[in-house]
Amino acid sequence: MEAVLGQLCALILAALLAIVLASVVLRYVFHTGVVGVEELCIWLHVALIALGMPLALNGALAMRMDLFSRSLPARWRQAGGDVFSVVAALVLVSGSHEIMGLLGGISPMLGLPEWVRFGFLGGGGLLLLVALLLQRMAEGRLVPALSSLGVGAAVYLAVPYLAVGTSLPSSLFLALVAGLGLMAAAPLPHAFLAAAYVAIAFGASLPEPAIVSTAVSGMSRFLLLSIPFFLLAGGLLTASGAAGRLVRLAKALVGHRRAGLAQTTLLSGVFFSGASGSSVANAAFGASTFYPELVRNGYPPQKAGAIIAATSVLDNVIPPSIAFLLLAAATSLPVGPLLVGGVFAGGLMAACLAVAIHVCVDEGSSSLPASGEVRRSAAAAALPALGLGVIVVAGIRLGVVTTTEAAAVAAFYTLALGLTAGTRAGTLWSTFRRAATEAAAIGLLIGSAGPFAALLAMDDIAGAVAQVVSSFGGGALAVLLLSNVVLLLLGLVLDIGAAILLLGPILLPAAVSAGIDPIQFGVIVVVNLMIHGLTPPLGMLVYVVGGVTGVPAPALFRAVLPYLAALLFSLILLSAYALLS
């Protein structure tokens, strides 16, 4: 089942890439276009998310927090989280079915019934239930799985008959139930969807069809198609061998310095950031590429893993950045200026990390400086990969192409690099499959955050934040201090993507009213939340590195503290710059 779904997701991603590239060629070469291309792509993107839903049950992108479930017996470790997955799946199935019965009309662009797009998620929910049972059976956990199914169905059936009288906002209860789901090791999107449904018992005005409709609306944006394309570009860059050429260039430039191998890891992360846009991709790449070399050269395993995790933070700051795409989708800020701001912020963060590595790592120079000829040769070999980031940022900033089109061009560019390098067709296709699966997981997170964001708007949480800010004086300093504190605290318990989608629209109006440049504030939001890739209890980058290297997460969290301090210092500098400019 997983193999078939993976192939279908890869096919949809390939079709999306072909459609967007054809649209670009028609517009710029033949000065024409095809009506309905954007809507077709949006519908295919929703289908990709639905089909990829069962594939994101395990792995880093499931975004499970298993710190508390580890104390349970192995057979029952995921039973609590599975209850939330069952409720989420039933909500998608039932809510989609209701919408399909209520919604009429035909899409004028595609000539298809409007209910089809919403039916995709219903089908995804059904596939999720089947995949969950099959996986637990394969793991020898049939009894816990059936128990989770029974409890989840009971909760689902009981909620419409419950009515808890309270004057507190329903979004608060949604957050509490979602937090309970995280502690039970539920995938974050499933916890959000199940919590949105349970919140009905606490007065939430979002019935099942509204939950599904809001989720579909959240993921139905043409801009979001850039996410699978950038993920594909990063994967193809690695598969083609171009990422290895970036490593050789970094070693030629800084390998002779104090802590040269660690500095090479950092500079390679900077170069790779300009191509992949995904911190998770960079963490996995660094853990498999640099970790063995660092340990072989005498670095303690936890310190080697900490360096890789810390440098991976840069990927979602230096463009192309998926985090900035999420922020732009949530707040309607322009993508081009955000990416330019990310170049400045990423450079500052890299400089702070370089100083921290120089101070904290005892390794001396391990080699002589590379000759000018070696550096020129390494730069020439890496130039095609380095040009990718320039193409993307320049294309968007100059208005030559839209963000989604730039991402598609980047994916095609790296595909061409792979083909010219002789990369096997099977390797390229597996890269499409992996990128499609990762994109489906991120897309589901975006959609599942939609009901939460809707309830936050209904409860006027943004107005409450504005009142709190005004009580502190309402000035730029008060807004920045309060915003950074809120982001640092909530970022500890919220996934980075979810925090951007939920907190960005709440905090941005207060910052604008205080006279802070919205682009600079957006950069601060992303940098602040990206730092939480290194903080417990979620710390996704730490878990990714730990999963690849086998180093326990607690040891990595301790070893990463000096680099965490360096990144916090860069956040202080960015905030000070926003105040003074």
# chains A, B, ... in the order shown; residues from 1 in each chain; ligands from 1
>>> closest_atom_pairs(of="segment 442-501 of chain A", to="segment 521-540 of chain A", cutoff="10 Å", atoms="only C-alpha atoms", output="JSON lines")
{"residue": "A:Leu480", "atom": "CA", "partner": "A:Phe521", "partner_atom": "CA", "distance": 8.4}
{"residue": "A:Ser483", "atom": "CA", "partner": "A:Val525", "partner_atom": "CA", "distance": 8.3}
{"residue": "A:Asn484", "atom": "CA", "partner": "A:Asn528", "partner_atom": "CA", "distance": 7.0}
{"residue": "A:Val485", "atom": "CA", "partner": "A:Asn528", "partner_atom": "CA", "distance": 9.5}
{"residue": "A:Leu487", "atom": "CA", "partner": "A:Leu529", "partner_atom": "CA", "distance": 6.6}
{"residue": "A:Leu488", "atom": "CA", "partner": "A:Asn528", "partner_atom": "CA", "distance": 6.7}
{"residue": "A:Leu489", "atom": "CA", "partner": "A:His532", "partner_atom": "CA", "distance": 9.6}
{"residue": "A:Leu490", "atom": "CA", "partner": "A:Leu529", "partner_atom": "CA", "distance": 9.0}
{"residue": "A:Gly491", "atom": "CA", "partner": "A:Leu529", "partner_atom": "CA", "distance": 5.9}
{"residue": "A:Leu492", "atom": "CA", "partner": "A:His532", "partner_atom": "CA", "distance": 6.4}
{"residue": "A:Val493", "atom": "CA", "partner": "A:Leu538", "partner_atom": "CA", "distance": 6.6}
{"residue": "A:Leu494", "atom": "CA", "partner": "A:Leu538", "partner_atom": "CA", "distance": 7.6}
{"residue": "A:Asp495", "atom": "CA", "partner": "A:Leu538", "partner_atom": "CA", "distance": 7.2}
{"residue": "A:Ile496", "atom": "CA", "partner": "A:Leu529", "partner_atom": "CA", "distance": 5.8}
{"residue": "A:Gly497", "atom": "CA", "partner": "A:Leu529", "partner_atom": "CA", "distance": 8.6}
{"residue": "A:Ala499", "atom": "CA", "partner": "A:Leu529", "partner_atom": "CA", "distance": 7.4}
{"residue": "A:Ile500", "atom": "CA", "partner": "A:Val526", "partner_atom": "CA", "distance": 7.2}
>>> write_last_selection(atoms="N, CA and C atoms", output="compact mmCIF listing (two decimals), in the first residue's frame")
# COMPACT_ATOMS: atom_id res chain seq x y z
N LEU A 480 8.65 44.23 20.49
CA LEU A 480 9.70 43.27 20.16
C LEU A 480 10.03 42.37 21.35
N SER A 483 6.98 40.04 21.85
CA SER A 483 6.87 39.08 20.76
C SER A 483 7.95 38.01 20.85
N ASN A 484 9.18 38.42 21.14
CA ASN A 484 10.26 37.44 21.24
C ASN A 484 10.05 36.49 22.41
N VAL A 485 9.55 37.02 23.54
CA VAL A 485 9.28 36.16 24.69
C VAL A 485 8.18 35.16 24.36
N LEU A 487 7.25 34.08 21.39
CA LEU A 487 7.74 33.13 20.40
C LEU A 487 8.70 32.12 21.02
N LEU A 488 9.56 32.60 21.93
CA LEU A 488 10.52 31.69 22.56
C LEU A 488 9.81 30.68 23.46
N LEU A 489 8.75 31.11 24.14
CA LEU A 489 8.03 30.21 25.04
C LEU A 489 7.14 29.24 24.27
N LEU A 490 6.32 29.76 23.36
CA LEU A 490 5.41 28.88 22.63
C LEU A 490 6.15 28.00 21.64
N GLY A 491 7.30 28.49 21.15
CA GLY A 491 8.09 27.68 20.25
C GLY A 491 8.63 26.41 20.89
N LEU A 492 8.67 26.38 22.23
CA LEU A 492 9.12 25.19 22.93
C LEU A 492 8.15 24.03 22.75
N VAL A 493 6.85 24.35 22.60
CA VAL A 493 5.83 23.30 22.57
C VAL A 493 5.06 23.26 21.26
N LEU A 494 5.42 24.12 20.30
CA LEU A 494 4.75 24.12 19.00
C LEU A 494 5.76 23.77 17.91
N ASP A 495 5.32 23.00 16.94
CA ASP A 495 6.15 22.78 15.77
C ASP A 495 6.44 24.10 15.08
N ILE A 496 7.62 24.20 14.46
CA ILE A 496 8.05 25.46 13.86
C ILE A 496 7.05 25.95 12.81
N GLY A 497 6.65 25.05 11.91
CA GLY A 497 5.70 25.45 10.87
C GLY A 497 4.37 25.87 11.45
N ALA A 499 3.81 27.04 14.44
CA ALA A 499 3.97 28.31 15.16
C ALA A 499 3.98 29.49 14.19
N ILE A 500 4.63 29.33 13.05
CA ILE A 500 4.63 30.41 12.06
C ILE A 500 3.22 30.69 11.56
>>> residues_around(residues="His190 of chain A", least_positions_apart="5", cutoff="8 Å", atoms="only C-alpha atoms", output="PyMOL selection string")
chain A and resi 84-85+88-89+448
>>> select_by_dssp(residues="segment 27-157 of chain A", states="helix (DSSP H, G or I)", output="ChimeraX atom specification")
/A:27-29,37-56,60-62,69-71,74-76,79-102,115-138,142-157
>>> write_last_selection(atoms="C-alpha atoms", output="mmCIF file, in the first residue's frame")
data_model
loop_
_atom_site.group_PDB
_atom_site.id
_atom_site.type_symbol
_atom_site.label_atom_id
_atom_site.label_comp_id
_atom_site.auth_asym_id
_atom_site.auth_seq_id
_atom_site.Cartn_x
_atom_site.Cartn_y
_atom_site.Cartn_z
ATOM 1 C CA ARG A 27 4.043 32.728 -21.155
ATOM 2 C CA TYR A 28 7.642 33.725 -21.864
ATOM 3 C CA VAL A 29 8.239 31.998 -25.195
ATOM 4 C CA VAL A 37 -3.640 26.071 -14.697
ATOM 5 C CA GLU A 38 -3.415 27.441 -11.156
ATOM 6 C CA GLU A 39 -6.683 25.829 -10.093
ATOM 7 C CA LEU A 40 -5.652 22.488 -11.588
ATOM 8 C CA CYS A 41 -2.357 22.635 -9.699
ATOM 9 C CA ILE A 42 -4.138 23.476 -6.449
ATOM 10 C CA TRP A 43 -6.490 20.493 -6.837
ATOM 11 C CA LEU A 44 -3.557 18.183 -7.607
ATOM 12 C CA HIS A 45 -1.702 19.531 -4.576
ATOM 13 C CA VAL A 46 -4.657 18.688 -2.314
ATOM 14 C CA ALA A 47 -4.766 15.201 -3.872
ATOM 15 C CA LEU A 48 -1.023 14.826 -3.202
ATOM 16 C CA ILE A 49 -1.541 15.722 0.471
ATOM 17 C CA ALA A 50 -4.444 13.261 0.786
ATOM 18 C CA LEU A 51 -2.564 10.363 -0.806
ATOM 19 C CA GLY A 52 0.590 11.123 1.174
ATOM 20 C CA MET A 53 -1.260 11.289 4.490
ATOM 21 C CA PRO A 54 -0.683 7.612 5.415
ATOM 22 C CA LEU A 55 3.007 7.853 4.441
ATOM 23 C CA ALA A 56 3.705 10.463 7.134
ATOM 24 C CA ALA A 60 10.681 12.868 11.552
ATOM 25 C CA LEU A 61 7.926 14.593 9.588
ATOM 26 C CA ALA A 62 5.265 12.823 11.665
ATOM 27 C CA SER A 69 5.298 7.764 25.818
ATOM 28 C CA ARG A 70 8.750 6.208 26.179
ATOM 29 C CA SER A 71 7.915 5.203 29.754
ATOM 30 C CA ALA A 74 6.781 -0.980 23.874
ATOM 31 C CA ARG A 75 3.527 -2.514 22.558
ATOM 32 C CA TRP A 76 1.426 0.335 23.957
ATOM 33 C CA ALA A 79 -1.603 3.666 21.478
ATOM 34 C CA GLY A 80 -2.443 7.089 22.939
ATOM 35 C CA GLY A 81 -1.266 8.904 19.840
ATOM 36 C CA ASP A 82 -3.204 6.500 17.653
ATOM 37 C CA VAL A 83 -6.425 7.555 19.410
ATOM 38 C CA PHE A 84 -5.887 11.104 18.110
ATOM 39 C CA SER A 85 -5.069 9.758 14.639
ATOM 40 C CA VAL A 86 -8.319 7.766 14.616
ATOM 41 C CA VAL A 87 -10.387 10.811 15.651
ATOM 42 C CA ALA A 88 -8.656 12.958 13.021
ATOM 43 C CA ALA A 89 -9.290 10.365 10.301
ATOM 44 C CA LEU A 90 -12.973 10.037 11.241
ATOM 45 C CA VAL A 91 -13.379 13.823 11.191
ATOM 46 C CA LEU A 92 -11.890 13.985 7.686
ATOM 47 C CA VAL A 93 -14.072 11.143 6.406
ATOM 48 C CA SER A 94 -17.328 12.352 7.952
ATOM 49 C CA GLY A 95 -16.724 16.074 7.374
ATOM 50 C CA SER A 96 -15.818 15.524 3.728
ATOM 51 C CA HIS A 97 -18.888 13.335 3.235
ATOM 52 C CA GLU A 98 -21.136 16.090 4.618
ATOM 53 C CA ILE A 99 -19.535 18.732 2.400
ATOM 54 C CA MET A 100 -19.886 16.521 -0.655
ATOM 55 C CA GLY A 101 -23.602 16.199 0.075
ATOM 56 C CA LEU A 102 -24.110 19.924 0.640
ATOM 57 C CA TRP A 115 -17.006 18.709 -4.040
ATOM 58 C CA VAL A 116 -14.223 16.635 -5.569
ATOM 59 C CA ARG A 117 -11.486 18.755 -3.989
ATOM 60 C CA PHE A 118 -13.001 18.272 -0.531
ATOM 61 C CA GLY A 119 -13.548 14.579 -1.194
ATOM 62 C CA PHE A 120 -9.787 14.112 -1.545
ATOM 63 C CA LEU A 121 -9.298 14.637 2.196
ATOM 64 C CA GLY A 122 -12.105 12.221 2.992
ATOM 65 C CA GLY A 123 -10.337 9.577 0.945
ATOM 66 C CA GLY A 124 -7.064 10.459 2.675
ATOM 67 C CA GLY A 125 -8.710 9.977 6.073
ATOM 68 C CA LEU A 126 -9.951 6.525 5.055
ATOM 69 C CA LEU A 127 -6.495 5.573 3.772
ATOM 70 C CA LEU A 128 -5.028 6.816 7.049
ATOM 71 C CA LEU A 129 -7.248 4.465 9.064
ATOM 72 C CA VAL A 130 -6.354 1.485 6.872
ATOM 73 C CA ALA A 131 -2.630 2.270 6.928
ATOM 74 C CA LEU A 132 -2.664 2.726 10.709
ATOM 75 C CA LEU A 133 -4.208 -0.709 11.284
ATOM 76 C CA LEU A 134 -1.935 -2.416 8.757
ATOM 77 C CA GLN A 135 1.198 -0.830 10.249
ATOM 78 C CA ARG A 136 0.304 -1.830 13.790
ATOM 79 C CA MET A 137 -0.497 -5.373 12.620
ATOM 80 C CA ALA A 138 2.904 -5.570 10.914
ATOM 81 C CA LEU A 142 -2.948 -5.437 16.753
ATOM 82 C CA VAL A 143 -4.535 -5.436 20.237
ATOM 83 C CA PRO A 144 -3.322 -1.891 21.097
ATOM 84 C CA ALA A 145 -4.406 -0.740 17.612
ATOM 85 C CA LEU A 146 -7.916 -2.140 18.035
ATOM 86 C CA SER A 147 -8.083 -0.560 21.493
ATOM 87 C CA SER A 148 -7.055 2.817 20.026
ATOM 88 C CA LEU A 149 -9.651 2.399 17.288
ATOM 89 C CA GLY A 150 -12.376 1.705 19.852
ATOM 90 C CA VAL A 151 -11.426 4.603 22.127
ATOM 91 C CA GLY A 152 -11.062 6.997 19.185
ATOM 92 C CA ALA A 153 -14.460 6.012 17.778
ATOM 93 C CA ALA A 154 -16.027 6.425 21.237
ATOM 94 C CA VAL A 155 -14.574 9.924 21.600
ATOM 95 C CA TYR A 156 -15.726 10.830 18.107
ATOM 96 C CA LEU A 157 -19.292 9.641 18.779
#
>>> closest_atom_pairs(of="segment 343-381 of chain A", to="segment 317-328 of chain A", cutoff="10 Å", atoms="only C-alpha atoms", output="tab-separated table")
residue	atom	partner	partner_atom	distance
A:Val343	CA	A:Ile318	CA	5.2
A:Phe344	CA	A:Ile318	CA	8.2
A:Ala345	CA	A:Val317	CA	7.1
A:Gly346	CA	A:Ile318	CA	5.1
A:Gly347	CA	A:Ile318	CA	7.9
A:Met349	CA	A:Val317	CA	9.2
A:Ala350	CA	A:Ile318	CA	9.9
>>> residues_around(residues="segment 374-385 of chain A", least_positions_apart="3", cutoff="7 Å", atoms="only C-alpha atoms", output="list in words")
Ala242, Arg245, Leu246, Arg248, Leu249, Ala252, Leu253, Ala370, Ser371 and Leu388 of chain A
>>> closest_residue(among="A:Ala310, A:Leu386, A:Ala250, A:Leu507", to="Phe557 of chain A", atoms="only C-alpha atoms")
A:Ala310
>>> closest_residue(among="A:Gly241, A:Phe192, A:Leu338, A:Gly36", to="Leu112 of chain A", atoms="only C-alpha atoms")
A:Gly36
>>> residues_around(residues="segment 204-211 of chain A", least_positions_apart="2", cutoff="6 Å", atoms="only C-alpha atoms", output="MDAnalysis selection string")
chainID A and resid 95 99 170 199:200 202 213:214 451
>>> write_last_selection(atoms="N, CA and C atoms", output="PDB file, in the first residue's frame")
ATOM      1  N   GLY A  95     -16.582  14.679   7.799  1.00  0.00           N
ATOM      2  CA  GLY A  95     -16.724  16.074   7.374  1.00  0.00           C
ATOM      3  C   GLY A  95     -16.720  16.222   5.874  1.00  0.00           C
ATOM      4  N   ILE A  99     -19.763  17.663   3.384  1.00  0.00           N
ATOM      5  CA  ILE A  99     -19.535  18.732   2.400  1.00  0.00           C
ATOM      6  C   ILE A  99     -19.932  18.262   1.005  1.00  0.00           C
ATOM      7  N   SER A 170     -12.752  29.006  23.229  1.00  0.00           N
ATOM      8  CA  SER A 170     -12.655  27.610  22.780  1.00  0.00           C
ATOM      9  C   SER A 170     -11.274  27.297  22.203  1.00  0.00           C
ATOM     10  N   ALA A 199     -12.920  20.464  20.558  1.00  0.00           N
ATOM     11  CA  ALA A 199     -13.237  21.821  21.010  1.00  0.00           C
ATOM     12  C   ALA A 199     -14.698  22.177  20.796  1.00  0.00           C
ATOM     13  N   ILE A 200     -15.411  21.430  19.934  1.00  0.00           N
ATOM     14  CA  ILE A 200     -16.846  21.665  19.732  1.00  0.00           C
ATOM     15  C   ILE A 200     -17.583  21.515  21.056  1.00  0.00           C
ATOM     16  N   PHE A 202     -16.618  22.422  23.823  1.00  0.00           N
ATOM     17  CA  PHE A 202     -16.328  23.590  24.652  1.00  0.00           C
ATOM     18  C   PHE A 202     -16.808  24.882  23.993  1.00  0.00           C
ATOM     19  N   SER A 213     -13.417  22.068   5.607  1.00  0.00           N
ATOM     20  CA  SER A 213     -13.391  23.173   4.652  1.00  0.00           C
ATOM     21  C   SER A 213     -12.251  24.140   4.951  1.00  0.00           C
ATOM     22  N   THR A 214     -12.058  24.447   6.237  1.00  0.00           N
ATOM     23  CA  THR A 214     -10.976  25.353   6.621  1.00  0.00           C
ATOM     24  C   THR A 214      -9.618  24.735   6.318  1.00  0.00           C
ATOM     25  N   PRO A 451      -8.041  25.241  11.054  1.00  0.00           N
ATOM     26  CA  PRO A 451      -9.100  25.379  12.064  1.00  0.00           C
ATOM     27  C   PRO A 451      -8.633  26.089  13.328  1.00  0.00           C
TER      28      PRO A 451
END
>>> atom_distance(atom1="atom CA of Phe290 of chain A", atom2="atom CA of Ala356 of chain A")
18.3 Å
>>> closest_residue(among="A:Leu419, A:Leu580, A:Ala565, A:Ala329", to="Leu501 of chain A", atoms="only C-alpha atoms")
A:Ala329
>>> residues_around(residues="segment 295-301 of chain A", least_positions_apart="2", cutoff="9 Å", atoms="only C-alpha atoms", output="list of chain:residue names")
A:Leu261, A:Phe290, A:Tyr291, A:Pro292, A:Glu293, A:Lys303, A:Ala304, A:Gly305, A:Ala306, A:Val361, A:Glu363, A:Thr549, A:Val551, A:Leu556
>>> closest_atom_pairs(of="segment 125-240 of chain A", to="segment 429-447 of chain A", cutoff="10 Å", atoms="only C-alpha atoms", output="CSV")
residue,atom,partner,partner_atom,distance
A:Pro187,CA,A:Leu445,CA,9.5
A:Leu188,CA,A:Leu445,CA,7.3
A:Pro189,CA,A:Leu445,CA,4.9
A:His190,CA,A:Leu445,CA,8.6
A:Phe192,CA,A:Leu445,CA,8.5
A:Leu193,CA,A:Gly447,CA,9.1
A:Ile211,CA,A:Gly447,CA,9.6
A:Val212,CA,A:Gly447,CA,8.6
A:Ser213,CA,A:Gly447,CA,9.4
A:Thr214,CA,A:Gly447,CA,7.4
A:Ala215,CA,A:Gly447,CA,4.1
A:Val216,CA,A:Gly447,CA,6.1
A:Ser217,CA,A:Gly447,CA,7.4
A:Gly218,CA,A:Gly447,CA,4.9
A:Met219,CA,A:Gly447,CA,5.1
A:Ser220,CA,A:Gly447,CA,8.6
A:Leu224,CA,A:Gly443,CA,8.0
A:Leu225,CA,A:Ala439,CA,8.8
A:Ser226,CA,A:Ala439,CA,9.7
A:Ile227,CA,A:Ala439,CA,6.5
A:Pro228,CA,A:Ala439,CA,4.9
A:Phe229,CA,A:Ala435,CA,8.0
A:Phe230,CA,A:Ala435,CA,8.7
A:Leu231,CA,A:Ala435,CA,5.4
A:Leu232,CA,A:Ala435,CA,5.1
A:Ala233,CA,A:Ala435,CA,8.8
A:Gly234,CA,A:Ala435,CA,8.8
A:Gly235,CA,A:Thr431,CA,5.9
A:Leu236,CA,A:Thr431,CA,6.5
A:Leu237,CA,A:Thr431,CA,9.9
A:Thr238,CA,A:Thr431,CA,9.4
A:Ala239,CA,A:Thr431,CA,7.6
>>> closest_residue(among="A:Ala576, A:Val486, A:Leu168, A:Val392", to="Thr404 of chain A", atoms="only C-alpha atoms")
A:Val392
>>> closest_residue(among="A:Ser240, A:Ser167, A:Thr331, A:Ser279", to="Leu415 of chain A", atoms="only C-alpha atoms")
A:Ser240
>>> atom_distance(atom1="atom CA of Leu564 of chain A", atom2="atom CA of Val270 of chain A")
17.0 Å
>>> decode(residues="segment 1-18 of chain A", atoms="N, CA and C atoms", output="compact mmCIF listing (two decimals), in the first residue's frame")
# COMPACT_ATOMS: atom_id res chain seq x y z
N MET A 1 0.84 -1.21 0.00
CA MET A 1 0.00 0.00 0.00
C MET A 1 0.87 1.26 0.00
N GLU A 2 1.90 1.23 0.86
CA GLU A 2 2.79 2.40 0.93
C GLU A 2 3.54 2.59 -0.38
N ALA A 3 3.94 1.48 -1.00
CA ALA A 3 4.66 1.57 -2.27
C ALA A 3 3.79 2.18 -3.36
N VAL A 4 2.53 1.75 -3.42
CA VAL A 4 1.60 2.28 -4.43
C VAL A 4 1.34 3.76 -4.19
N LEU A 5 1.07 4.11 -2.92
CA LEU A 5 0.79 5.52 -2.61
C LEU A 5 2.01 6.39 -2.90
N GLY A 6 3.19 5.87 -2.59
CA GLY A 6 4.40 6.63 -2.87
C GLY A 6 4.59 6.88 -4.36
N GLN A 7 4.31 5.87 -5.18
CA GLN A 7 4.42 6.05 -6.63
C GLN A 7 3.40 7.06 -7.14
N LEU A 8 2.18 7.01 -6.60
CA LEU A 8 1.15 7.97 -7.02
C LEU A 8 1.54 9.39 -6.64
N CYS A 9 2.07 9.55 -5.42
CA CYS A 9 2.50 10.89 -5.00
C CYS A 9 3.62 11.41 -5.88
N ALA A 10 4.57 10.54 -6.23
CA ALA A 10 5.67 10.96 -7.11
C ALA A 10 5.14 11.34 -8.48
N LEU A 11 4.15 10.60 -8.98
CA LEU A 11 3.55 10.93 -10.28
C LEU A 11 2.87 12.29 -10.23
N ILE A 12 2.14 12.57 -9.16
CA ILE A 12 1.46 13.86 -9.04
C ILE A 12 2.48 14.99 -9.00
N LEU A 13 3.56 14.80 -8.22
CA LEU A 13 4.60 15.83 -8.15
C LEU A 13 5.23 16.06 -9.52
N ALA A 14 5.50 14.98 -10.25
CA ALA A 14 6.06 15.13 -11.60
C ALA A 14 5.09 15.86 -12.51
N ALA A 15 3.78 15.55 -12.39
CA ALA A 15 2.78 16.24 -13.21
C ALA A 15 2.71 17.71 -12.85
N LEU A 16 2.76 18.03 -11.57
CA LEU A 16 2.74 19.44 -11.15
C LEU A 16 3.95 20.19 -11.71
N LEU A 17 5.11 19.57 -11.65
CA LEU A 17 6.31 20.21 -12.18
C LEU A 17 6.17 20.45 -13.67
N ALA A 18 5.67 19.46 -14.41
CA ALA A 18 5.51 19.61 -15.86
C ALA A 18 4.51 20.70 -16.19
